[in-house]
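Chemist: First, the structure itself, so that you have it in front of you.
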Amino acid sequence: MKRFRKQIQHTVLILLGIFSVGMGLKGFLLSSHFIDGGVTGISMLLSSTLKLPLAVLIPLINIPFIMVGYRQIGPSFALKSMLAILGLALCLLWVKYPDVTPDKLLTAVFGGLFIGAGIGLAIRGGAVLDGTDIVALLISKNSHLLRVGDVVLILNIIIFSAAAFFLGIEPALYSILTYFAASKMVDFLIHGIEEHTAVIIISELNEQIRQQMVHNLGRAVTVYQGRGGLSGTPQDILYCVVTRLEIGSIKNLVREIDPGAFIVVQALADAEGGMVKKPALH
């Protein structure tokens, strides 16, 4: 029963993602001839230059990426992603969206936000609506020089350079803005306000700080044994993983005890287990 409810939840997330991307494309971008990045951007660019239907190009161009996902991630992921992409194609064919605004800046920003929201919701549902990240993952695994983000960036540089050539400089620049808006929304929906952050604290009053963080904020703290690079003096280093909403509380607590404490805040790609999910008690 629990697994069934989870599948229903994933299906709802994917459907919401499909309609959100459809809104971003038909409600904003298509009328202004702007494009997004990734496979969606390639499809839109080809649709604009070759006058081919976007609803046909999106699933067609995504097929090789889904095949890569089948081999690298698994058949369940590939099947859900293919059905999601076909659902997006049907949505573009049958669902009527209003053309929201002729303003180019609003079109670029809000079109990107709707597309990013849709992609993020689909990812949370266990599928993708754009296969770029799949091939980026494959390339990065076989290259010691390129990370996933580097591959995505290179692919999008090529896409937007082609957009500048075929569509003009201004639509290409607005399209870059669309891509950034979409990528930020994807990050927010995947990580959300609970995006995990590592906090490193070095202070002569580390023990007082540790006790306050554990008892007042309800946060687990790891104590590393370190040594000063110049003085050679042994030094305890506090390490704690918090959500970004709690960074201010941590800093305020540390500054109240030791205004001269050294604090490093570092974003994390992911964290789970332990007391990571325990909310602060303040």
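Ligands are numbered from 1 in the order shown, residues from 1 within each chain, and chains are lettered A, B, ... in the order they appear in the structure tokens.
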Identify, on the basis of only C-alpha atoms, every residue whose closest approach to A:Leu25 does not exceed 10 Å; exclude the query and any residue fewer than 2 positions from it along the same chain; express the result as a CSV table (one decimal) with all heavy atoms, in the first residue's frame.
Modeler:
```csv
chain,number,residue,atom,x,y,z
A,19,PHE,N,2.5,19.7,-17.3
A,19,PHE,CA,1.7,20.9,-17.5
A,19,PHE,C,2.4,22.2,-17.3
A,19,PHE,O,2.2,23.2,-18.0
A,19,PHE,CB,0.4,20.8,-16.7
A,19,PHE,CG,-0.6,19.8,-17.1
A,19,PHE,CD1,-0.9,18.7,-16.4
A,19,PHE,CD2,-1.3,20.0,-18.3
A,19,PHE,CE1,-1.8,17.8,-16.8
A,19,PHE,CE2,-2.2,19.1,-18.8
A,19,PHE,CZ,-2.5,18.0,-18.0
A,20,SER,N,3.4,22.2,-16.3
A,20,SER,CA,4.2,23.4,-16.1
A,20,SER,C,5.1,23.7,-17.2
A,20,SER,O,5.2,24.8,-17.7
A,20,SER,CB,5.0,23.2,-14.8
A,20,SER,OG,5.7,24.3,-14.5
A,21,VAL,N,5.8,22.6,-17.7
A,21,VAL,CA,6.6,22.9,-18.9
A,21,VAL,C,5.8,23.3,-20.1
A,21,VAL,O,6.2,24.2,-20.9
A,21,VAL,CB,7.4,21.6,-19.2
A,21,VAL,CG1,8.2,21.7,-20.6
A,21,VAL,CG2,8.4,21.3,-18.1
A,22,GLY,N,4.6,22.7,-20.3
A,22,GLY,CA,3.8,23.1,-21.4
A,22,GLY,C,3.4,24.6,-21.3
A,22,GLY,O,3.4,25.3,-22.3
A,23,MET,N,3.1,25.1,-20.0
A,23,MET,CA,2.8,26.5,-19.8
A,23,MET,C,4.0,27.4,-20.2
A,23,MET,O,3.9,28.4,-20.8
A,23,MET,CB,2.4,26.7,-18.4
A,23,MET,CG,2.0,28.1,-18.0
A,23,MET,SD,0.6,28.7,-18.9
A,23,MET,CE,0.5,30.4,-18.5
A,27,GLY,N,2.8,29.1,-23.2
A,27,GLY,CA,2.3,30.3,-22.6
A,27,GLY,C,3.2,31.5,-22.7
A,27,GLY,O,2.8,32.7,-22.6
A,28,PHE,N,4.6,31.2,-22.9
A,28,PHE,CA,5.5,32.3,-22.9
A,28,PHE,C,6.5,32.2,-24.1
A,28,PHE,O,6.6,33.1,-24.9
A,28,PHE,CB,6.3,32.2,-21.6
A,28,PHE,CG,5.6,32.6,-20.4
A,28,PHE,CD1,4.9,31.6,-19.6
A,28,PHE,CD2,5.4,33.9,-20.0
A,28,PHE,CE1,4.2,31.9,-18.5
A,28,PHE,CE2,4.7,34.3,-18.8
A,28,PHE,CZ,4.1,33.3,-18.1
A,29,LEU,N,7.3,31.2,-24.2
A,29,LEU,CA,8.5,31.2,-25.1
A,29,LEU,C,8.2,31.2,-26.6
A,29,LEU,O,8.8,31.9,-27.3
A,29,LEU,CB,9.4,30.1,-24.7
A,29,LEU,CG,10.0,30.0,-23.3
A,29,LEU,CD1,11.1,29.0,-23.1
A,29,LEU,CD2,10.6,31.4,-22.9
A,30,LEU,N,7.3,30.3,-27.0
A,30,LEU,CA,7.1,30.0,-28.4
A,30,LEU,C,6.7,31.3,-29.2
A,30,LEU,O,7.2,31.5,-30.3
A,30,LEU,CB,6.1,28.9,-28.6
A,30,LEU,CG,6.5,27.5,-28.2
A,30,LEU,CD1,5.5,26.5,-28.4
A,30,LEU,CD2,7.8,27.1,-28.9
A,31,SER,N,5.8,32.1,-28.6
A,31,SER,CA,5.4,33.3,-29.3
A,31,SER,C,6.4,34.3,-29.5
A,31,SER,O,6.4,35.1,-30.4
A,31,SER,CB,4.2,33.9,-28.6
A,31,SER,OG,4.5,34.3,-27.3
A,33,HIS,N,9.7,33.4,-29.8
A,33,HIS,CA,10.8,32.7,-30.5
A,33,HIS,C,12.1,32.6,-29.6
A,33,HIS,O,13.2,32.7,-30.1
A,33,HIS,CB,11.2,33.4,-31.8
A,33,HIS,CG,10.0,33.5,-32.7
A,33,HIS,ND1,9.5,32.4,-33.4
A,33,HIS,CD2,9.2,34.5,-33.1
A,33,HIS,CE1,8.5,32.7,-34.2
A,33,HIS,NE2,8.3,34.0,-34.0
A,34,PHE,N,11.9,32.5,-28.3
A,34,PHE,CA,13.0,32.2,-27.3
A,34,PHE,C,13.1,30.7,-27.2
A,34,PHE,O,12.1,29.9,-27.4
A,34,PHE,CB,12.7,32.8,-26.0
A,34,PHE,CG,12.6,34.3,-26.0
A,34,PHE,CD1,12.0,35.0,-24.9
A,34,PHE,CD2,13.1,35.1,-27.1
A,34,PHE,CE1,12.0,36.4,-24.9
A,34,PHE,CE2,13.0,36.5,-27.1
A,34,PHE,CZ,12.4,37.1,-26.0
A,35,ILE,N,14.2,30.2,-26.7
A,35,ILE,CA,14.4,28.8,-26.5
A,35,ILE,C,15.0,28.6,-25.1
A,35,ILE,O,15.5,29.5,-24.5
A,35,ILE,CB,15.4,28.2,-27.6
A,35,ILE,CG1,16.8,28.7,-27.4
A,35,ILE,CG2,14.9,28.4,-29.0
A,35,ILE,CD1,17.8,28.0,-28.2
A,36,ASP,N,14.9,27.4,-24.7
A,36,ASP,CA,15.6,27.0,-23.4
A,36,ASP,C,16.9,26.2,-23.7
A,36,ASP,O,17.2,26.1,-24.9
A,36,ASP,CB,14.6,26.1,-22.6
A,36,ASP,CG,15.1,25.7,-21.2
A,36,ASP,OD1,15.9,26.5,-20.7
A,36,ASP,OD2,14.7,24.7,-20.7
A,40,THR,N,15.4,20.3,-24.9
A,40,THR,CA,14.2,21.1,-25.2
A,40,THR,C,14.6,22.3,-26.1
A,40,THR,O,13.9,22.7,-27.0
A,40,THR,CB,13.6,21.6,-23.9
A,40,THR,OG1,13.2,20.5,-23.1
A,40,THR,CG2,12.3,22.4,-24.2
A,44,MET,N,13.4,23.2,-29.9
A,44,MET,CA,12.8,24.5,-30.2
A,44,MET,C,13.5,25.2,-31.3
A,44,MET,O,12.9,25.8,-32.2
A,44,MET,CB,12.7,25.4,-28.9
A,44,MET,CG,11.8,24.8,-27.8
A,44,MET,SD,12.0,25.7,-26.3
A,44,MET,CE,11.0,27.2,-26.7
A,54,LEU,N,7.0,21.0,-32.8
A,54,LEU,CA,7.8,20.8,-31.6
A,54,LEU,C,7.4,19.5,-30.9
A,54,LEU,O,8.2,18.8,-30.3
A,54,LEU,CB,7.6,22.0,-30.7
A,54,LEU,CG,8.4,22.0,-29.4
A,54,LEU,CD1,9.9,22.0,-29.6
A,54,LEU,CD2,8.0,23.2,-28.5
A,92,LEU,N,1.5,19.5,-25.5
A,92,LEU,CA,1.8,20.6,-26.5
A,92,LEU,C,0.8,20.5,-27.7
A,92,LEU,O,0.5,21.5,-28.2
A,92,LEU,CB,3.2,20.5,-27.0
A,92,LEU,CG,4.3,20.7,-25.9
A,92,LEU,CD1,5.7,20.5,-26.5
A,92,LEU,CD2,4.2,22.2,-25.4
A,97,TYR,N,-3.0,26.9,-24.1
A,97,TYR,CA,-2.5,27.8,-23.0
A,97,TYR,C,-2.7,29.2,-23.5
A,97,TYR,O,-2.5,29.5,-24.7
A,97,TYR,CB,-1.0,27.5,-22.8
A,97,TYR,CG,-0.7,26.2,-22.1
A,97,TYR,CD1,-0.4,25.1,-22.8
A,97,TYR,CD2,-0.7,26.1,-20.7
A,97,TYR,CE1,-0.1,23.9,-22.2
A,97,TYR,CE2,-0.4,24.9,-20.1
A,97,TYR,CZ,-0.1,23.8,-20.8
A,97,TYR,OH,0.2,22.6,-20.2
A,99,ASP,N,-1.5,33.0,-24.3
A,99,ASP,CA,-0.3,33.7,-24.6
A,99,ASP,C,-0.2,34.8,-23.6
A,99,ASP,O,-0.8,35.9,-23.7
A,99,ASP,CB,-0.2,34.2,-26.0
A,99,ASP,CG,1.2,34.8,-26.4
A,99,ASP,OD1,2.1,34.7,-25.5
A,99,ASP,OD2,1.3,35.3,-27.5
A,107,THR,N,8.6,37.3,-20.4
A,107,THR,CA,8.5,36.1,-21.1
A,107,THR,C,9.7,35.2,-20.8
A,107,THR,O,9.6,34.0,-20.5
A,107,THR,CB,8.5,36.3,-22.6
A,107,THR,OG1,7.2,37.0,-22.9
A,107,THR,CG2,8.5,35.0,-23.4
A,111,GLY,N,8.8,32.3,-18.3
A,111,GLY,CA,8.9,31.0,-19.1
A,111,GLY,C,9.9,30.1,-18.6
A,111,GLY,O,9.7,28.9,-18.4
A,112,GLY,N,11.1,30.6,-18.2
A,112,GLY,CA,12.1,29.8,-17.6
A,112,GLY,C,11.7,29.2,-16.2
A,112,GLY,O,12.0,28.0,-15.9
A,114,PHE,N,8.6,28.5,-15.2
A,114,PHE,CA,7.6,27.4,-15.4
A,114,PHE,C,8.3,26.2,-16.0
A,114,PHE,O,8.0,25.0,-15.5
A,114,PHE,CB,6.5,27.9,-16.4
A,114,PHE,CG,5.4,28.6,-15.7
A,114,PHE,CD1,5.3,30.0,-15.8
A,114,PHE,CD2,4.4,27.9,-15.1
A,114,PHE,CE1,4.2,30.6,-15.2
A,114,PHE,CE2,3.3,28.5,-14.5
A,114,PHE,CZ,3.3,29.9,-14.5
A,115,ILE,N,9.2,26.3,-16.9
A,115,ILE,CA,10.0,25.2,-17.4
A,115,ILE,C,10.8,24.5,-16.3
A,115,ILE,O,10.8,23.3,-16.2
A,115,ILE,CB,10.8,25.6,-18.6
A,115,ILE,CG1,9.9,25.9,-19.8
A,115,ILE,CG2,11.8,24.4,-19.0
A,115,ILE,CD1,10.7,26.5,-21.0
```
Chemist: Looking only at the backbone, which of the residues in stretch 89-136 of chain A does DSSP tag as alpha helix (DSSP H), as a PyMOL selection string?
Modeler: chain A and resi 89-94+104-124+132-136
Chemist: Go through A:Lys26, A:Ser183, A:Ala267, A:Ile200 one by one, measure the shortest atom-to-atom distance of each to A:Cys91 using only C-alpha atoms, and give the residue with the smallest value.
Modeler: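 Among A:Lys26, A:Ser183, A:Ala267, A:Ile200, it is A:Lys26 that comes nearest to A:Cys91.
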Chemist: Pick the closest to A:His215 from A:Leu253, A:Val265, A:Leu105, A:Val242: which is it, counting only C-alpha atoms?
Modeler: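 Comparing A:Leu253, A:Val265, A:Leu105, A:Val242 against A:His215, the winner is A:Leu253.
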Chemist: If you run DSSP on the backbone here, which positions in stretch 67-224 of chain A get strand (DSSP E)? Please write them as a PDB file with C-alpha atoms, in the first residue's frame.
Modeler:
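Result saved to part_34.pdb:
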```
ATOM      1  CA  HIS A 196      22.080  21.292   3.121  1.00  0.00           C
ATOM      2  CA  THR A 197      25.049  23.411   4.092  1.00  0.00           C
ATOM      3  CA  ALA A 198      28.218  22.503   5.956  1.00  0.00           C
ATOM      4  CA  VAL A 199      29.372  24.906   8.669  1.00  0.00           C
ATOM      5  CA  ILE A 200      32.975  24.719   9.923  1.00  0.00           C
ATOM      6  CA  ILE A 201      33.817  26.622  13.100  1.00  0.00           C
ATOM      7  CA  ILE A 202      37.269  27.253  14.596  1.00  0.00           C
ATOM      8  CA  THR A 222      31.405  16.523  14.762  1.00  0.00           C
ATOM      9  CA  VAL A 223      34.686  17.520  16.395  1.00  0.00           C
ATOM     10  CA  TYR A 224      37.840  17.202  14.296  1.00  0.00           C
TER      11      TYR A 224
END
```
Chemist: What separation in Å, quoted to one decimal, exists between atom CA of A:Arg244 and atom CA of A:Phe188?
Modeler: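 Separation of atom CA of A:Arg244 and atom CA of A:Phe188: 11.9 Å.
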